[in-house]
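File shown here: model-v1.pdb, holding PDB, C-alpha atoms.
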ATOM      1  CA  MET A   1      -5.999  -4.142  18.743
ATOM      2  CA  PRO A   2      -5.978  -3.623  14.940
ATOM      3  CA  GLU A   3      -6.271  -0.197  13.343
ATOM      4  CA  THR A   4      -7.710   0.470   9.883
ATOM      5  CA  PHE A   5      -6.571   3.112   7.416
ATOM      6  CA  VAL A   6      -8.598   3.786   4.244
ATOM      7  CA  ARG A   7      -7.891   6.119   1.341
ATOM      8  CA  ARG A   8     -10.200   6.258  -1.700
ATOM      9  CA  CYS A   9      -9.764   8.254  -4.852
ATOM     10  CA  HIS A  10     -11.879   8.444  -7.998
ATOM     11  CA  PHE A  11     -10.116   8.121 -11.365
ATOM     12  CA  GLN A  12     -11.385   8.751 -14.876
ATOM     13  CA  VAL A  13     -10.084   5.398 -16.128
ATOM     14  CA  SER A  14     -11.405   1.859 -15.972
ATOM     15  CA  PRO A  15     -10.623  -0.393 -13.008
ATOM     16  CA  GLU A  16      -8.892  -2.718 -15.483
ATOM     17  CA  ARG A  17      -6.473   0.086 -16.427
ATOM     18  CA  LEU A  18      -5.773   0.845 -12.750
ATOM     19  CA  PHE A  19      -5.086  -2.827 -12.110
ATOM     20  CA  VAL A  20      -2.745  -3.246 -15.087
ATOM     21  CA  TRP A  21      -0.726  -0.193 -14.022
ATOM     22  CA  HIS A  22      -0.348  -1.559 -10.475
ATOM     23  CA  ALA A  23       0.567  -5.018 -11.821
ATOM     24  CA  GLU A  24       3.436  -3.833 -14.068
ATOM     25  CA  PRO A  25       7.035  -4.329 -12.980
ATOM     26  CA  GLY A  26       8.281  -1.080 -11.444
ATOM     27  CA  ALA A  27       4.938  -0.044  -9.945
ATOM     28  CA  PHE A  28       6.210  -0.295  -6.372
ATOM     29  CA  ALA A  29       9.240   1.878  -7.170
ATOM     30  CA  ARG A  30       7.044   4.482  -8.905
ATOM     31  CA  LEU A  31       4.799   4.660  -5.832
ATOM     32  CA  ALA A  32       7.625   5.178  -3.315
ATOM     33  CA  PRO A  33       7.981   8.847  -2.345
ATOM     34  CA  PRO A  34      11.392  10.407  -2.958
ATOM     35  CA  GLY A  35      13.605  10.155   0.101
ATOM     36  CA  GLU A  36      11.517   7.386   1.671
ATOM     37  CA  PRO A  37      13.921   4.927   3.326
ATOM     38  CA  ILE A  38      12.634   1.813   1.586
ATOM     39  CA  GLU A  39      14.426  -0.484  -0.844
ATOM     40  CA  GLN A  40      13.053  -3.461  -2.748
ATOM     41  CA  VAL A  41      15.591  -6.272  -2.360
ATOM     42  CA  SER A  42      13.833  -9.018  -4.332
ATOM     43  CA  PRO A  43      13.584  -8.827  -8.133
ATOM     44  CA  ASP A  44      10.543  -6.884  -9.334
ATOM     45  CA  ARG A  45       8.577  -9.305 -11.503
ATOM     46  CA  GLY A  46       5.296  -7.460 -11.312
ATOM     47  CA  LEU A  47       2.173  -8.637  -9.564
ATOM     48  CA  ARG A  48       1.900 -12.420  -9.186
ATOM     49  CA  GLU A  49      -0.183 -14.570  -6.860
ATOM     50  CA  GLY A  50       1.992 -15.909  -4.044
ATOM     51  CA  GLU A  51       4.958 -13.690  -4.939
ATOM     52  CA  ARG A  52       7.099 -12.710  -1.950
ATOM     53  CA  VAL A  53       8.361  -9.148  -1.986
ATOM     54  CA  GLU A  54      11.482  -8.533   0.094
ATOM     55  CA  LEU A  55      12.005  -4.971   1.294
ATOM     56  CA  ARG A  56      14.492  -3.213   3.529
ATOM     57  CA  ILE A  57      13.286  -0.161   5.444
ATOM     58  CA  GLY A  58      15.062   2.376   7.604
ATOM     59  CA  LEU A  59      18.280   4.353   7.438
ATOM     60  CA  GLY A  60      21.937   3.522   7.959
ATOM     61  CA  PRO A  61      22.509   0.778  10.515
ATOM     62  CA  PHE A  62      18.820   0.893  11.488
ATOM     63  CA  ARG A  63      17.505  -1.098   8.536
ATOM     64  CA  PHE A  64      14.942  -3.839   8.947
ATOM     65  CA  PRO A  65      13.701  -6.566   6.616
ATOM     66  CA  TRP A  66      10.066  -6.571   5.560
ATOM     67  CA  THR A  67       8.571  -9.480   3.606
ATOM     68  CA  ALA A  68       5.115  -9.264   2.066
ATOM     69  CA  GLU A  69       3.211 -11.891   0.104
ATOM     70  CA  ILE A  70       0.856 -11.036  -2.756
ATOM     71  CA  ARG A  71      -2.509 -12.774  -2.398
ATOM     72  CA  ASP A  72      -6.009 -12.776  -3.847
ATOM     73  CA  VAL A  73      -4.981 -11.326  -7.206
ATOM     74  CA  ARG A  74      -8.173 -10.579  -9.128
ATOM     75  CA  PRO A  75      -7.446  -8.849 -12.468
ATOM     76  CA  GLY A  76      -9.411  -5.643 -12.810
ATOM     77  CA  LEU A  77     -10.616  -5.835  -9.196
ATOM     78  CA  GLY A  78      -7.624  -5.816  -6.866
ATOM     79  CA  PHE A  79      -5.145  -7.743  -4.736
ATOM     80  CA  ARG A  80      -3.752  -7.882  -1.218
ATOM     81  CA  ASP A  81      -0.279  -7.797   0.245
ATOM     82  CA  ILE A  82       0.185  -9.409   3.646
ATOM     83  CA  GLN A  83       3.201  -8.911   5.884
ATOM     84  CA  ILE A  84       4.970 -12.221   6.487
ATOM     85  CA  ARG A  85       7.849 -10.644   8.407
ATOM     86  CA  GLY A  86       8.351  -7.010   9.319
ATOM     87  CA  PRO A  87       7.969  -4.152  11.747
ATOM     88  CA  PHE A  88       4.241  -4.519  12.383
ATOM     89  CA  ARG A  89       2.526  -7.104  14.485
ATOM     90  CA  ARG A  90       0.030  -7.328  11.609
ATOM     91  CA  TRP A  91      -0.188  -5.661   8.182
ATOM     92  CA  GLU A  92      -2.766  -6.428   5.505
ATOM     93  CA  HIS A  93      -3.072  -4.037   2.578
ATOM     94  CA  GLU A  94      -6.009  -4.483   0.245
ATOM     95  CA  HIS A  95      -5.954  -2.664  -3.101
ATOM     96  CA  ARG A  96      -9.499  -2.422  -4.520
ATOM     97  CA  MET A  97     -10.463  -1.174  -7.977
ATOM     98  CA  GLU A  98     -14.214  -0.586  -8.267
ATOM     99  CA  PRO A  99     -16.035   0.391 -11.470
ATOM    100  CA  ASP A 100     -17.964   3.670 -11.521
ATOM    101  CA  GLY A 101     -19.771   4.267 -14.777
ATOM    102  CA  ALA A 102     -18.400   3.661 -18.255
ATOM    103  CA  ASP A 103     -15.016   5.362 -17.843
ATOM    104  CA  GLY A 104     -14.457   5.764 -14.138
ATOM    105  CA  SER A 105     -13.369   3.829 -11.102
ATOM    106  CA  TRP A 106     -12.542   4.088  -7.446
ATOM    107  CA  LEU A 107      -9.170   3.060  -6.109
ATOM    108  CA  GLU A 108      -9.312   2.129  -2.454
ATOM    109  CA  ASP A 109      -6.332   1.289  -0.285
ATOM    110  CA  ARG A 110      -7.476  -0.388   2.935
ATOM    111  CA  ILE A 111      -4.808  -1.263   5.472
ATOM    112  CA  THR A 112      -5.463  -3.219   8.624
ATOM    113  CA  TYR A 113      -2.440  -3.048  10.879
ATOM    114  CA  GLU A 114      -1.353  -3.656  14.416
ATOM    115  CA  LEU A 115       1.685  -2.051  15.985
ATOM    116  CA  PRO A 116       4.061  -4.061  18.174
ATOM    117  CA  LEU A 117       4.044  -3.635  21.966
ATOM    118  CA  GLY A 118       0.256  -3.387  22.311
ATOM    119  CA  PHE A 119      -1.000  -0.267  24.098
ATOM    120  CA  LEU A 120       2.515   1.122  24.467
ATOM    121  CA  GLY A 121       3.157   0.810  20.719
ATOM    122  CA  ARG A 122      -0.175   2.490  19.895
ATOM    123  CA  TRP A 123       0.521   5.281  22.374
ATOM    124  CA  LEU A 124       4.104   5.909  21.245
ATOM    125  CA  ALA A 125       3.830   5.419  17.490
ATOM    126  CA  GLY A 126       0.111   5.407  16.621
ATOM    127  CA  PRO A 127      -0.283   9.085  15.654
ATOM    128  CA  LEU A 128       3.029   9.059  13.761
ATOM    129  CA  ILE A 129       2.041   5.963  11.739
ATOM    130  CA  ARG A 130      -1.376   7.479  10.857
ATOM    131  CA  LYS A 131       0.273  10.693   9.671
ATOM    132  CA  LYS A 132       2.854   8.750   7.654
ATOM    133  CA  LEU A 133       0.163   6.585   6.004
ATOM    134  CA  ASP A 134      -1.887   9.668   5.146
ATOM    135  CA  ARG A 135       1.108  11.363   3.449
ATOM    136  CA  LEU A 136       2.207   8.144   1.732
ATOM    137  CA  PHE A 137      -1.173   7.380   0.179
ATOM    138  CA  ALA A 138      -1.830  10.992  -0.808
ATOM    139  CA  TYR A 139       1.459  10.773  -2.725
ATOM    140  CA  ARG A 140       0.670   7.354  -4.198
ATOM    141  CA  HIS A 141      -2.741   8.448  -5.481
ATOM    142  CA  TRP A 142      -1.191  11.632  -6.911
ATOM    143  CA  VAL A 143       1.408   9.555  -8.814
ATOM    144  CA  THR A 144      -1.310   7.189 -10.029
ATOM    145  CA  ALA A 145      -3.373  10.112 -11.339
ATOM    146  CA  LYS A 146      -0.321  11.609 -13.047
ATOM    147  CA  GLU A 147       0.582   8.361 -14.820
ATOM    148  CA  VAL A 148      -2.741   6.597 -15.386
ATOM    149  CA  GLY A 149      -5.282   9.339 -15.798
ATOM    150  CA  PRO A 150      -6.798  12.207 -13.929
ATOM    151  CA  ALA A 151      -8.349  11.810 -10.553
ATOM    152  CA  SER A 152     -11.722  13.450 -10.133
ATOM    153  CA  GLY A 153     -13.443  14.514  -6.997
ATOM    154  CA  GLY A 154     -10.278  14.206  -4.923
ATOM    155  CA  PRO A 155      -9.418  11.633  -2.312
ATOM    156  CA  SER A 156     -11.835  10.597   0.365
ATOM    157  CA  GLN A 157     -11.224   8.797   3.629
TER
END
Entire entry expressed as structure tokens:
Amino acid sequence: MPETFVRRCHFQVSPERLFVWHAEPGAFARLAPPGEPIEQVSPDRGLREGERVELRIGLGPFRFPWTAEIRDVRPGLGFRDIQIRGPFRRWEHEHRMEPDGADGSWLEDRITYELPLGFLGRWLAGPLIRKKLDRLFAYRHWVTAKEVGPASGGPSQ
């Protein structure tokens, strides 16, 4: 059974500016919290339709490959990354940039995911994954505000 995680934050910049910042090479590295056990293995060429992003997650000998494909790239509006191979049974991350007035926009991260092992996976790891996603996207929106322009009104879920 899929779960959905949503984090929205209002920024005092245009959706086009938010998109360009996310599309630049190095964006993924800037958005990774310090100490997070994730490494991008494939070259970072920025945001391109159909691009496969190869990651390695975990620590020490417990490292796992994670491959995501970039889809539905719509400049100024958003894009999706879909897990092709990785730790989740399903992972779809939609990045939406929505205009709000002349100089504002909403950034929404919407993740639909399914843990492996069905009920057992949800029971064992569900609360931990939710907590991790909440911390991760609070950090990512903070970094975005610091580099792109101030957030206003704070995050909403």
(request) May I have the residues at most 12 Å from (1.5, 0.2, -17.1) in the file's coordinates, counting all atoms listed in the file, as a ChimeraX atom specification? (result) /A:16-28,30,46-47,144,147-149
(request) Would you list the residues near (6.9, -12.8, 12.3), meaning any protein, DNA or RNA residue with an atom at most 12 Å from that point in file coordinates, counting only C-alpha atoms, as a PyMOL selection string? (result) chain A and resi 65-68+82-91+116
C-alpha atoms of the current selection, written as a PDB file, in the frame of the given file:
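The new file out_14.pdb reads:
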ATOM      1  CA  PRO A  65      13.701  -6.566   6.616  1.00  0.00           C
ATOM      2  CA  TRP A  66      10.066  -6.571   5.560  1.00  0.00           C
ATOM      3  CA  THR A  67       8.571  -9.480   3.606  1.00  0.00           C
ATOM      4  CA  ALA A  68       5.115  -9.264   2.066  1.00  0.00           C
ATOM      5  CA  ILE A  82       0.185  -9.409   3.646  1.00  0.00           C
ATOM      6  CA  GLN A  83       3.201  -8.911   5.884  1.00  0.00           C
ATOM      7  CA  ILE A  84       4.970 -12.221   6.487  1.00  0.00           C
ATOM      8  CA  ARG A  85       7.849 -10.644   8.407  1.00  0.00           C
ATOM      9  CA  GLY A  86       8.351  -7.010   9.319  1.00  0.00           C
ATOM     10  CA  PRO A  87       7.969  -4.152  11.747  1.00  0.00           C
ATOM     11  CA  PHE A  88       4.241  -4.519  12.383  1.00  0.00           C
ATOM     12  CA  ARG A  89       2.526  -7.104  14.485  1.00  0.00           C
ATOM     13  CA  ARG A  90       0.030  -7.328  11.609  1.00  0.00           C
ATOM     14  CA  TRP A  91      -0.188  -5.661   8.182  1.00  0.00           C
ATOM     15  CA  PRO A 116       4.061  -4.061  18.174  1.00  0.00           C
TER      16      PRO A 116
END
(message) Considering only C-alpha atoms, can you say which of A:His10, A:His93, A:Lys146, A:Arg140 comes closest to Ala29 (chain A)?
(response) A:Arg140
(request) Using the chain letters and numbers from the file, give me the residues hit by the PyMOL selection byres ((chain A and resi 35-43) around 8), as a list of chain:residue names. (result) A:Ala29, A:Ala32, A:Pro33, A:Pro34, A:Asp44, A:Arg45, A:Val53, A:Glu54, A:Leu55, A:Arg56, A:Ile57, A:Gly58, A:Leu59
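Proximity ranking of A:Arg71, A:His141, A:Arg135, A:Arg80 relative to Glu51 (chain A) places A:Arg71 first, based on all atoms listed in the file.
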(message) Could you check the closest approach to Lys132 (chain A) for each of A:Gly78, A:Phe62, A:Phe5, A:Asp103 and tell me which residue wins, using all atoms listed in the file?
(response)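 The closest residue to Lys132 (chain A) is A:Phe5.
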(request) Have a look at CA of Lys131 (chain A) and CA of Gly60 (chain A) and let me know their distance in Å, one decimal. (result)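 Those two atoms sit 22.9 Å apart.
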(message) Please enumerate the residues selected by the PyMOL selection byres ((chain A and resi 104) around 12) when evaluated against the supplied file, formatted as a ChimeraX atom specification.
(response) /A:9-18,97-103,105-107,148-153
(request) Could you jot down the CA of Phe64 (chain A) to CA of Tyr139 (chain A) separation for me, Å, one decimal place? (result)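 Taking CA of Phe64 (chain A) and CA of Tyr139 (chain A), their separation equals 23.1 Å.
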Step by step, gather every atom of region 58-71 of chain A that the file lists, find the box along x, y and z that holds them, add 5 Å on each side, and finally give centre and edge lengths in Å to one decimal, as JSON.
{"center_x": 10.0, "center_y": -4.2, "center_z": 4.4, "size_x": 35.0, "size_y": 27.1, "size_z": 24.2}
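The interatomic distance for the pair CA of Leu136 (chain A) and CA of Asp109 (chain A) works out to 11.1 Å.
Using only C-alpha atoms, the smallest distance between any of A:Glu94, A:Pro2, A:Pro127, A:Glu69 and Ile111 (chain A) comes from A:Glu94.
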(request) Considering all atoms listed in the file, state which residue in the set A:Trp142, A:Phe79, A:Tyr113, A:Phe137 is at the smallest distance from Glu92 (chain A). (result)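 Once distances to Glu92 (chain A) are computed over all atoms listed in the file, the minimum belongs to A:Tyr113.
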